[in-house]
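Chemist: So I've got this file, data.cif, and it contains mmCIF, C-alpha atoms and all ligand atoms:
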```
data_run
#
loop_
_atom_site.label_atom_id
_atom_site.label_comp_id
_atom_site.auth_asym_id
_atom_site.auth_seq_id
_atom_site.Cartn_x
_atom_site.Cartn_y
_atom_site.Cartn_z
CA MET A 618 0.00 0.00 0.00
CA ALA A 619 1.15 3.53 -0.72
CA SER A 620 1.35 5.72 2.34
CA PRO A 621 -1.01 8.65 1.95
CA THR A 622 0.79 11.73 0.62
CA THR A 623 -1.89 13.98 2.02
CA THR A 624 -2.90 14.16 5.66
CA THR A 625 -5.81 11.80 6.08
CA SER A 626 -7.92 11.36 9.18
CA VAL A 627 -8.91 7.91 10.37
CA GLN A 628 -12.54 8.82 9.57
CA GLN A 629 -11.59 9.54 5.96
CA LEU A 630 -9.76 6.21 5.70
CA GLU A 631 -12.71 4.38 7.22
CA HIS A 632 -15.02 6.10 4.74
CA LEU A 633 -12.94 4.77 1.83
CA LEU A 634 -13.29 1.26 3.26
CA LEU A 635 -17.05 1.69 3.76
CA ARG A 636 -17.49 2.77 0.14
CA MET A 637 -15.48 -0.23 -1.13
CA TRP A 638 -17.53 -2.63 0.98
CA GLN A 639 -20.77 -0.99 -0.20
CA ILE A 640 -19.71 -1.64 -3.80
CA ARG A 641 -18.72 -5.24 -3.02
CA TRP A 642 -22.02 -6.06 -1.30
CA PHE A 643 -24.07 -4.15 -3.83
CA GLU A 644 -22.57 -6.25 -6.61
CA LEU A 645 -22.90 -9.55 -4.75
CA ARG A 646 -26.59 -8.84 -4.10
CA ALA A 647 -27.13 -7.63 -7.66
CA MET A 648 -25.75 -10.93 -8.98
CA GLU A 649 -28.19 -12.79 -6.75
CA LEU A 650 -31.10 -10.63 -7.92
CA PHE A 651 -30.09 -11.42 -11.49
CA GLU A 652 -30.31 -15.15 -10.74
CA GLU A 653 -33.74 -14.54 -9.17
CA LYS A 654 -34.74 -12.86 -12.48
CA LEU A 655 -35.49 -9.60 -10.72
CA ILE A 656 -32.92 -7.94 -12.97
CA ARG A 657 -33.47 -8.10 -16.71
CA GLY A 658 -30.66 -7.47 -19.19
CA SER A 659 -27.45 -7.96 -17.28
CA VAL A 660 -25.18 -6.86 -14.46
CA HIS A 661 -21.46 -6.24 -14.92
CA PRO A 662 -19.91 -6.55 -11.46
CA TYR A 663 -17.13 -4.19 -10.35
CA ILE A 664 -15.78 -6.75 -7.87
CA GLY A 665 -11.99 -6.49 -7.54
CA MET A 666 -11.88 -2.97 -9.00
CA GLU A 667 -13.43 -1.06 -6.09
CA ALA A 668 -10.27 0.89 -5.27
CA ILE A 669 -10.23 2.64 -8.66
CA ALA A 670 -13.60 4.39 -8.38
CA VAL A 671 -13.36 4.98 -4.64
CA GLY A 672 -9.84 6.41 -4.92
CA ALA A 673 -10.69 8.59 -7.92
CA CYS A 674 -13.94 9.94 -6.45
CA ALA A 675 -12.21 10.68 -3.14
CA ALA A 676 -10.29 13.34 -5.09
CA LEU A 677 -13.52 15.00 -6.27
CA ARG A 678 -15.81 17.67 -4.88
CA GLU A 679 -19.59 17.24 -4.83
CA ASP A 680 -19.91 19.65 -7.76
CA ASP A 681 -17.53 17.62 -9.93
CA TYR A 682 -18.81 15.11 -12.46
CA ILE A 683 -18.17 11.57 -13.64
CA THR A 684 -19.06 9.56 -16.71
CA SER A 685 -19.31 5.81 -16.52
CA THR A 686 -19.45 2.55 -18.43
CA HIS A 687 -21.43 -0.69 -18.67
CA ARG A 688 -19.60 -1.65 -15.43
CA GLY A 689 -20.88 1.43 -13.65
CA HIS A 690 -22.34 0.58 -10.23
CA GLY A 691 -19.01 1.11 -8.48
CA HIS A 692 -18.59 4.56 -10.03
CA CYS A 693 -22.06 5.54 -8.83
CA VAL A 694 -21.52 4.34 -5.26
CA ALA A 695 -18.14 6.04 -5.11
CA LYS A 696 -19.67 9.34 -6.32
CA GLY A 697 -22.19 9.18 -3.48
CA LEU A 698 -25.38 8.13 -5.25
CA GLU A 699 -28.17 6.69 -3.09
CA LEU A 700 -27.95 2.89 -2.93
CA LYS A 701 -31.75 2.66 -2.64
CA LEU A 702 -32.40 4.62 -5.84
CA MET A 703 -29.66 2.67 -7.64
CA MET A 704 -31.08 -0.70 -6.60
CA ALA A 705 -34.61 0.38 -7.55
CA GLU A 706 -33.29 1.45 -10.96
CA ILE A 707 -31.55 -1.81 -11.72
CA ILE A 708 -34.62 -3.88 -10.88
CA GLY A 709 -36.71 -1.56 -13.04
CA ARG A 710 -38.84 0.22 -10.44
CA GLU A 711 -40.54 3.61 -10.46
CA ASP A 712 -38.41 4.97 -7.58
CA GLY A 713 -35.14 4.33 -9.45
CA TYR A 714 -32.85 7.09 -10.64
CA CYS A 715 -34.37 6.95 -14.14
CA ARG A 716 -37.80 5.74 -12.97
CA GLY A 717 -36.73 2.19 -13.82
CA ARG A 718 -36.46 2.94 -17.54
CA GLY A 719 -32.66 2.80 -17.75
CA GLY A 720 -31.57 -0.19 -15.72
CA SER A 721 -28.08 -1.23 -14.70
CA MET A 722 -26.22 0.26 -17.66
CA HIS A 723 -27.96 3.65 -17.75
CA ILE A 724 -27.97 5.05 -14.23
CA THR A 725 -27.84 8.84 -14.35
CA ALA A 726 -28.04 11.27 -11.42
CA MET A 727 -27.38 14.86 -12.45
CA ASP A 728 -27.85 16.11 -8.88
CA ARG A 729 -24.93 13.93 -7.76
CA GLY A 730 -22.68 14.78 -10.70
CA MET A 731 -23.23 11.42 -12.40
CA LEU A 732 -23.64 12.17 -16.11
CA GLY A 733 -24.58 8.64 -17.00
CA ALA A 734 -23.45 5.07 -17.37
CA ASP A 735 -23.05 4.08 -21.00
CA ALA A 736 -23.57 0.70 -22.63
CA ILE A 737 -21.65 1.91 -25.70
CA VAL A 738 -18.03 0.99 -25.02
CA ALA A 739 -16.00 4.27 -24.99
CA GLY A 740 -19.16 6.30 -25.67
CA SER A 741 -18.87 8.44 -22.57
CA SER A 742 -15.38 9.64 -23.50
CA ALA A 743 -16.87 12.20 -25.89
CA ILE A 744 -19.62 13.17 -23.45
CA ALA A 745 -16.88 13.97 -20.93
CA VAL A 746 -15.20 16.44 -23.29
CA GLY A 747 -18.49 18.19 -24.03
CA ALA A 748 -19.39 18.36 -20.34
CA GLY A 749 -15.93 19.59 -19.37
CA HIS A 750 -15.85 22.25 -22.07
CA GLY A 751 -19.39 23.29 -21.13
CA LEU A 752 -18.33 23.79 -17.51
CA ARG A 753 -15.56 26.12 -18.66
CA LEU A 754 -17.98 28.09 -20.84
CA GLN A 755 -20.17 28.51 -17.75
CA GLY A 756 -17.16 29.86 -15.84
CA ARG A 757 -17.15 26.95 -13.39
CA ASP A 758 -14.04 25.18 -12.09
CA SER A 759 -15.62 21.72 -11.76
CA VAL A 760 -13.96 18.78 -13.49
CA VAL A 761 -15.13 15.56 -15.15
CA VAL A 762 -13.65 12.13 -14.48
CA CYS A 763 -14.25 9.72 -17.36
CA PHE A 764 -13.92 6.01 -16.56
CA PHE A 765 -13.34 3.54 -19.41
CA GLY A 766 -11.83 0.08 -19.93
CA ASP A 767 -8.78 -1.35 -21.69
CA GLY A 768 -11.10 -2.60 -24.46
CA ALA A 769 -12.55 0.91 -24.84
CA SER A 770 -9.06 2.33 -25.19
CA ASN A 771 -8.90 1.00 -28.77
CA GLN A 772 -12.15 2.59 -29.93
CA GLY A 773 -11.92 5.44 -32.43
CA ILE A 774 -14.13 7.76 -30.42
CA LEU A 775 -11.76 7.54 -27.45
CA HIS A 776 -8.87 8.88 -29.56
CA GLU A 777 -11.01 11.66 -31.01
CA ALA A 778 -12.23 12.61 -27.55
CA CYS A 779 -8.75 12.68 -26.02
CA ASN A 780 -7.42 14.80 -28.88
CA LEU A 781 -10.29 17.27 -28.62
CA ALA A 782 -10.00 17.41 -24.83
CA ALA A 783 -6.33 18.34 -25.25
CA VAL A 784 -7.04 20.95 -27.92
CA LEU A 785 -9.70 22.56 -25.70
CA ALA A 786 -7.69 22.04 -22.48
CA ALA A 787 -10.97 20.59 -21.19
CA PRO A 788 -11.05 19.76 -17.46
CA VAL A 789 -11.26 16.00 -17.95
CA VAL A 790 -9.41 13.23 -16.16
CA TYR A 791 -9.41 10.02 -18.20
CA VAL A 792 -9.23 6.94 -15.98
CA CYS A 793 -8.50 3.76 -17.93
CA GLU A 794 -9.50 0.74 -15.87
CA ASN A 795 -7.11 -1.82 -17.30
CA ASN A 796 -8.48 -5.09 -15.96
CA GLU A 797 -6.53 -7.04 -18.62
CA TRP A 798 -9.61 -8.38 -20.39
CA ALA A 799 -12.42 -7.16 -22.63
CA ILE A 800 -14.95 -9.99 -22.26
CA SER A 801 -12.78 -12.88 -23.54
CA THR A 802 -10.07 -10.86 -25.31
CA PRO A 803 -6.85 -10.37 -23.34
CA VAL A 804 -5.39 -6.89 -23.55
CA THR A 805 -2.19 -8.30 -25.08
CA ALA A 806 -4.20 -9.52 -28.10
CA SER A 807 -5.91 -6.19 -28.72
CA THR A 808 -3.51 -3.47 -27.72
CA SER A 809 -0.26 -2.43 -29.39
CA VAL A 810 1.43 -0.96 -26.31
CA SER A 811 2.20 -2.51 -22.92
CA ASN A 812 1.03 0.59 -21.09
CA ILE A 813 -2.10 2.37 -22.27
CA ALA A 814 -0.87 5.44 -20.35
CA ASP A 815 1.90 5.77 -22.98
CA ARG A 816 -0.71 6.82 -25.51
CA ALA A 817 -1.20 10.09 -23.63
CA ALA A 818 1.99 11.36 -25.29
CA GLY A 819 0.22 11.13 -28.63
CA TYR A 820 -2.57 13.33 -27.33
CA GLY A 821 -0.14 15.82 -25.79
CA PHE A 822 -0.98 15.40 -22.11
CA PRO A 823 0.50 13.45 -19.18
CA GLY A 824 -0.06 9.72 -18.77
CA VAL A 825 0.34 8.06 -15.37
CA ILE A 826 0.30 4.39 -14.38
CA VAL A 827 -1.06 3.48 -10.96
CA ASP A 828 -1.76 0.32 -8.99
CA GLY A 829 -5.54 0.29 -9.32
CA ASN A 830 -5.87 -2.06 -6.35
CA ASP A 831 -4.32 0.49 -4.00
CA VAL A 832 -7.01 2.97 -3.01
CA LEU A 833 -4.60 5.50 -1.51
CA ALA A 834 -2.27 5.49 -4.52
CA MET A 835 -5.32 5.86 -6.74
CA ARG A 836 -6.61 8.80 -4.72
CA ASP A 837 -3.21 10.53 -4.84
CA VAL A 838 -2.72 10.33 -8.62
CA ALA A 839 -6.34 11.36 -9.14
CA ALA A 840 -5.90 14.37 -6.83
CA GLU A 841 -2.94 15.56 -8.88
CA ALA A 842 -4.78 15.13 -12.19
CA VAL A 843 -7.91 16.82 -10.82
CA ALA A 844 -5.86 19.79 -9.58
CA ARG A 845 -4.28 20.10 -13.04
CA ALA A 846 -7.66 20.00 -14.77
CA ARG A 847 -9.18 22.48 -12.32
CA ALA A 848 -6.30 24.89 -12.88
CA GLY A 849 -7.06 24.94 -16.61
CA GLU A 850 -4.00 22.87 -17.56
CA GLY A 851 -6.02 20.22 -19.38
CA PRO A 852 -6.52 16.47 -19.26
CA THR A 853 -4.48 13.62 -17.78
CA LEU A 854 -4.71 9.93 -18.63
CA ILE A 855 -4.47 7.66 -15.61
CA GLU A 856 -4.06 3.96 -16.32
CA ALA A 857 -5.19 1.99 -13.28
CA LYS A 858 -3.90 -1.59 -13.45
CA SER A 859 -6.42 -3.95 -11.92
CA TYR A 860 -8.51 -7.05 -12.59
CA ARG A 861 -12.14 -8.11 -12.35
CA ILE A 862 -12.54 -11.01 -9.96
CA THR A 863 -15.99 -12.03 -11.19
CA PRO A 864 -16.99 -13.02 -14.75
CA HIS A 865 -17.61 -10.33 -17.38
CA SER A 866 -21.29 -10.22 -16.43
CA ALA A 867 -23.84 -12.05 -14.34
CA ALA A 868 -25.13 -13.57 -17.60
CA THR A 869 -21.66 -14.83 -18.63
CA LYS A 870 -21.45 -18.51 -17.85
CA THR A 871 -18.05 -19.21 -19.41
CA ASP A 872 -14.80 -17.62 -18.30
CA LEU A 873 -11.71 -18.18 -20.46
CA ARG A 874 -9.29 -16.63 -17.99
CA PRO A 875 -6.63 -18.94 -16.51
CA PRO A 876 -7.55 -19.95 -12.92
CA GLU A 877 -4.00 -19.23 -11.70
CA GLU A 878 -4.27 -15.67 -13.04
CA LEU A 879 -7.50 -15.24 -11.08
CA ASP A 880 -5.91 -16.65 -7.93
CA ALA A 881 -2.97 -14.26 -8.20
CA TRP A 882 -5.33 -11.29 -8.42
CA ARG A 883 -7.58 -12.56 -5.63
CA ALA A 884 -4.51 -12.37 -3.40
CA ARG A 885 -4.29 -8.67 -4.30
CA ASP A 886 -7.91 -7.98 -3.39
CA PRO A 887 -8.11 -4.20 -2.88
CA ILE A 888 -10.40 -4.43 0.16
CA LEU A 889 -8.26 -6.99 1.97
CA ARG A 890 -5.10 -5.03 1.18
CA PHE A 891 -6.56 -1.81 2.50
CA SER A 892 -7.92 -3.62 5.57
CA ARG A 893 -4.42 -4.91 6.32
CA TYR A 894 -3.07 -1.38 6.02
CA LEU A 895 -5.79 -0.04 8.32
CA THR A 896 -5.19 -2.57 11.10
CA GLY A 897 -1.41 -2.27 10.65
CA GLU A 898 0.09 1.14 9.91
CA ALA A 899 -3.11 3.10 10.55
CA GLY A 900 -3.79 1.36 13.90
CA VAL A 901 -7.54 0.76 13.44
CA GLU A 902 -9.04 -1.99 15.64
CA PRO A 903 -10.04 -5.15 13.70
CA ALA A 904 -13.48 -4.99 15.37
CA ARG A 905 -14.01 -1.58 13.78
CA LEU A 906 -13.37 -3.05 10.33
CA GLU A 907 -16.04 -5.67 10.98
CA GLU A 908 -18.47 -2.91 11.95
CA ILE A 909 -17.76 -1.09 8.70
CA GLU A 910 -18.36 -4.18 6.60
CA GLU A 911 -21.55 -4.90 8.57
CA GLN A 912 -22.73 -1.33 8.01
CA ALA A 913 -22.18 -1.72 4.25
CA ARG A 914 -24.13 -5.01 4.23
CA ARG A 915 -27.00 -3.34 6.07
CA ASP A 916 -26.99 -0.36 3.69
CA VAL A 917 -27.23 -2.71 0.72
CA GLU A 918 -29.91 -4.87 2.33
CA GLU A 919 -32.01 -1.78 3.04
CA ALA A 920 -31.55 -0.78 -0.60
CA VAL A 921 -32.82 -4.20 -1.74
CA GLU A 922 -35.88 -3.95 0.54
CA PHE A 923 -36.61 -0.42 -0.68
CA ALA A 924 -36.25 -1.47 -4.32
CA LYS A 925 -38.51 -4.51 -3.98
CA ALA A 926 -41.22 -2.38 -2.32
CA SER A 927 -41.11 0.19 -5.12
CA PRO A 928 -43.87 -0.12 -7.77
CA ARG A 929 -43.21 -1.23 -11.32
CA PRO A 930 -43.82 1.48 -13.93
CA GLU A 931 -47.21 1.31 -15.62
CA PRO A 932 -46.94 0.03 -19.22
CA GLU A 933 -48.86 3.05 -20.53
CA ALA A 934 -46.14 5.32 -19.07
CA ALA A 935 -43.42 3.65 -21.17
CA LEU A 936 -43.05 6.59 -23.54
CA GLU A 937 -42.89 9.25 -20.84
CA ASP A 938 -39.45 10.93 -20.82
CA VAL A 939 -38.54 9.46 -24.22
CA TYR A 940 -39.19 12.64 -26.20
CA ALA A 941 -38.11 16.12 -25.08
CA PRO A 942 -41.00 18.45 -24.31
CA ALA A 943 -41.87 20.80 -27.16
CA ASP A 944 -40.64 23.84 -25.22
CA TRP A 945 -37.19 22.46 -24.45
CA LEU A 946 -35.44 25.24 -26.40
CA THR A 947 -37.27 28.01 -24.55
CA PRO A 948 -34.62 30.26 -22.99
CA GLY A 949 -34.08 29.40 -19.33
CA ARG A 950 -35.81 26.02 -19.51
CA LEU A 951 -32.57 24.07 -19.11
CA ALA A 952 -31.09 26.33 -16.45
C1 LIG A 1001 -19.32 -0.01 -29.16
C2 LIG A 1001 -19.51 -1.34 -28.48
N1 LIG A 1001 -18.91 -2.44 -28.97
C3 LIG A 1001 -19.07 -3.64 -28.35
C4 LIG A 1001 -19.85 -3.75 -27.23
C5 LIG A 1001 -19.99 -5.09 -26.50
N2 LIG A 1001 -19.17 -5.06 -25.27
C6 LIG A 1001 -19.74 -4.83 -24.07
S1 LIG A 1001 -18.61 -4.78 -22.84
C7 LIG A 1001 -17.34 -5.10 -23.90
C8 LIG A 1001 -15.94 -5.23 -23.40
C9 LIG A 1001 -15.41 -3.96 -22.85
O1 LIG A 1001 -14.13 -4.18 -22.33
P1 LIG A 1001 -13.42 -3.09 -21.47
O2 LIG A 1001 -13.55 -1.76 -22.14
O3 LIG A 1001 -12.05 -3.58 -21.21
O4 LIG A 1001 -14.28 -3.02 -20.14
P2 LIG A 1001 -14.48 -4.18 -19.04
O5 LIG A 1001 -15.70 -4.95 -19.44
O6 LIG A 1001 -13.27 -5.01 -19.00
O7 LIG A 1001 -14.71 -3.43 -17.74
C10 LIG A 1001 -17.82 -5.23 -25.20
C11 LIG A 1001 -16.97 -5.51 -26.38
C12 LIG A 1001 -20.47 -2.57 -26.76
N3 LIG A 1001 -21.24 -2.59 -25.66
N4 LIG A 1001 -20.27 -1.38 -27.37
MG MG A 1002 -11.30 -4.57 -19.56
#
```
Take the structure from the file and write it as structure tokens.
Modeler:
Amino acid sequence: MASPTTTTSVQQLEHLLLRMWQIRWFELRAMELFEEKLIRGSVHPYIGMEAIAVGACAALREDDYITSTHRGHGHCVAKGLELKLMMAEIIGREDGYCRGRGGSMHITAMDRGMLGADAIVAGSSAIAVGAGHGLRLQGRDSVVVCFFGDGASNQGILHEACNLAAVLAAPVVYVCENNEWAISTPVTASTSVSNIADRAAGYGFPGVIVDGNDVLAMRDVAAEAVARARAGEGPTLIEAKSYRITPHSAATKTDLRPPEELDAWRARDPILRFSRYLTGEAGVEPARLEEIEEQARRDVEEAVEFAKASPRPEPEAALEDVYAPADWLTPGRLA
């Protein structure tokens, strides 16, 4: 574990652990709900990658923004979205963030700075540039963190977005979650460079590699990139090296990854590593860690209960919110 480079209170450290456990339990329960057929479509668990989102979002203010991916629950939890509204959304209920119309891959919460998950691989990279540039035009100093995967890093739109972000000096931090696989394609079979961060040179901004299973290291590199973006110095590409412990999705029944590779990464579990650091160097009592995990389990269980009690949308309301209202261009309407 990296030692924190900024002064961090025990409460702040414990909060990072709570967020990681909330993601872990949220995903474990979501996979169960998928098996119970309460979730339609799919669920792409973030298990094993919790430190990336939690570390990156710990460097953000409430008025900063994120964009997300098909594997987006962890980003949402880390940005402080309500677990209850998230769970209701993914089981398609009226109380969900998008009234149950979006589901797992389309959670959006503008009031929490969550610009949207995106089922289109690399799709949100361009949204992040537009949002970042828009913030500058509004005279605001908020920033946008854009999460994407190693597979997404080879999509054309990602290169266009990074180039434009550089040209505009847009306040965007690109966080590549390199979990070594894109469904069943290993990164070595799809990617011409060993380090995706090296590509930043081609866009004309800094590229940084970080251990994505080390929440404190992740938070520190994100804080530096966020400060740069906020100061008007433009984007940074952070490549967070990590791994997904669970299959590509809850619907994926085959996993081509070598079992010994999985075992090696399980030993680097970001939650267990951080827990060891907390009870060691940081001097937190082991009983306190159990309380934190228990709290996260309770939070998730309450979210499941809330979601199940929420009504299903009425079929005749299916087209509500699909089309913009006729007056959407009226000055002031979007303010
Ligand atoms: C444009 C596009 N192409 C293909 C897909 C199908 N697809 C869904 S997830 C995925 C793999 C993405 O891999 P990566 O970006 O590494 O993210 P990870 O799943 O590893 O988190 C693919 C190809 C898609 N959703 N969108
Ligand atoms: Mg991947």
Chemist: Please give me, as a ChimeraX atom specification, the residues lying within 8 Å of ligand LIG 1001 (chain A) when counting only C-alpha atoms and all ligand atoms.
Modeler: /A:661,663,686-688,736-740,765-770,772,794-800,804,861,865
Chemist: With all atoms listed in the file as the counted atoms, please give the residues lying no more than 7 Å from segment 632-644 of chain A, apart from itself and same-chain residues fewer than 3 positions off, as a VMD selection string.
Modeler: chain A and resid 628 to 629 647 to 648 662 to 664 667 to 668 671 691 694 to 695 888 909 to 910 913 to 914 917
Chemist: Find, counting only C-alpha atoms, the residue in A:Glu652, A:Glu850, A:Asp837, A:Asp815 that gets nearest to Pro788 of chain A.
Modeler: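 Looking at the shortest contact to Pro788 of chain A, the residue is A:Glu850.
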Chemist: May I ask for the distance between atom CA of Val792 of chain A and atom CA of Met666 of chain A, given in Å to one decimal place?
Modeler: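 Separation between atom CA of Val792 of chain A and atom CA of Met666 of chain A: 12.4 Å.
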Chemist: To box segment 753-761 of chain A, take all atoms listed in the file, fit an axis-aligned box, add 8 Å on each side, and give centre and edge lengths in Å to one decimal, as JSON.
Modeler:
```
{"center_x": -17.1, "center_y": 22.7, "center_z": -16.3, "size_x": 22.2, "size_y": 30.3, "size_z": 25.1}
```
Chemist: Please export segment 779-795 of chain A as a CSV table (one decimal), in the first residue's frame, restricted to N, CA and C atoms.
Modeler:
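See out_9.csv below for the written result:
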```csv
chain,number,residue,atom,x,y,z
A,779,CYS,N,-10.0,12.3,-26.7
A,779,CYS,CA,-8.7,12.7,-26.0
A,779,CYS,C,-8.1,13.8,-26.8
A,780,ASN,N,-8.0,13.7,-28.1
A,780,ASN,CA,-7.4,14.8,-28.9
A,780,ASN,C,-8.2,16.1,-28.7
A,781,LEU,N,-9.5,16.0,-28.8
A,781,LEU,CA,-10.3,17.3,-28.6
A,781,LEU,C,-10.2,17.8,-27.2
A,782,ALA,N,-10.2,16.9,-26.2
A,782,ALA,CA,-10.0,17.4,-24.8
A,782,ALA,C,-8.7,18.2,-24.7
A,783,ALA,N,-7.6,17.7,-25.3
A,783,ALA,CA,-6.3,18.3,-25.3
A,783,ALA,C,-6.4,19.7,-26.0
A,784,VAL,N,-7.0,19.7,-27.1
A,784,VAL,CA,-7.0,21.0,-27.9
A,784,VAL,C,-7.8,22.0,-27.1
A,785,LEU,N,-8.9,21.6,-26.5
A,785,LEU,CA,-9.7,22.6,-25.7
A,785,LEU,C,-9.2,22.8,-24.3
A,786,ALA,N,-8.1,22.1,-23.9
A,786,ALA,CA,-7.7,22.0,-22.5
A,786,ALA,C,-8.9,21.8,-21.6
A,787,ALA,N,-9.8,20.9,-22.0
A,787,ALA,CA,-11.0,20.6,-21.2
A,787,ALA,C,-10.6,20.0,-19.8
A,788,PRO,N,-11.4,20.3,-18.8
A,788,PRO,CA,-11.1,19.8,-17.5
A,788,PRO,C,-11.5,18.3,-17.3
A,789,VAL,N,-10.9,17.4,-18.0
A,789,VAL,CA,-11.3,16.0,-18.0
A,789,VAL,C,-10.1,15.2,-17.5
A,790,VAL,N,-10.4,14.2,-16.6
A,790,VAL,CA,-9.4,13.2,-16.2
A,790,VAL,C,-9.9,11.9,-16.7
A,791,TYR,N,-9.1,11.3,-17.6
A,791,TYR,CA,-9.4,10.0,-18.2
A,791,TYR,C,-8.8,8.9,-17.3
A,792,VAL,N,-9.7,8.0,-16.8
A,792,VAL,CA,-9.2,6.9,-16.0
A,792,VAL,C,-9.5,5.6,-16.7
A,793,CYS,N,-8.4,5.1,-17.2
A,793,CYS,CA,-8.5,3.8,-17.9
A,793,CYS,C,-8.4,2.6,-16.9
A,794,GLU,N,-9.5,1.9,-16.8
A,794,GLU,CA,-9.5,0.7,-15.9
A,794,GLU,C,-9.0,-0.5,-16.6
A,795,ASN,N,-7.7,-0.7,-16.6
A,795,ASN,CA,-7.1,-1.8,-17.3
A,795,ASN,C,-7.2,-3.1,-16.4
```
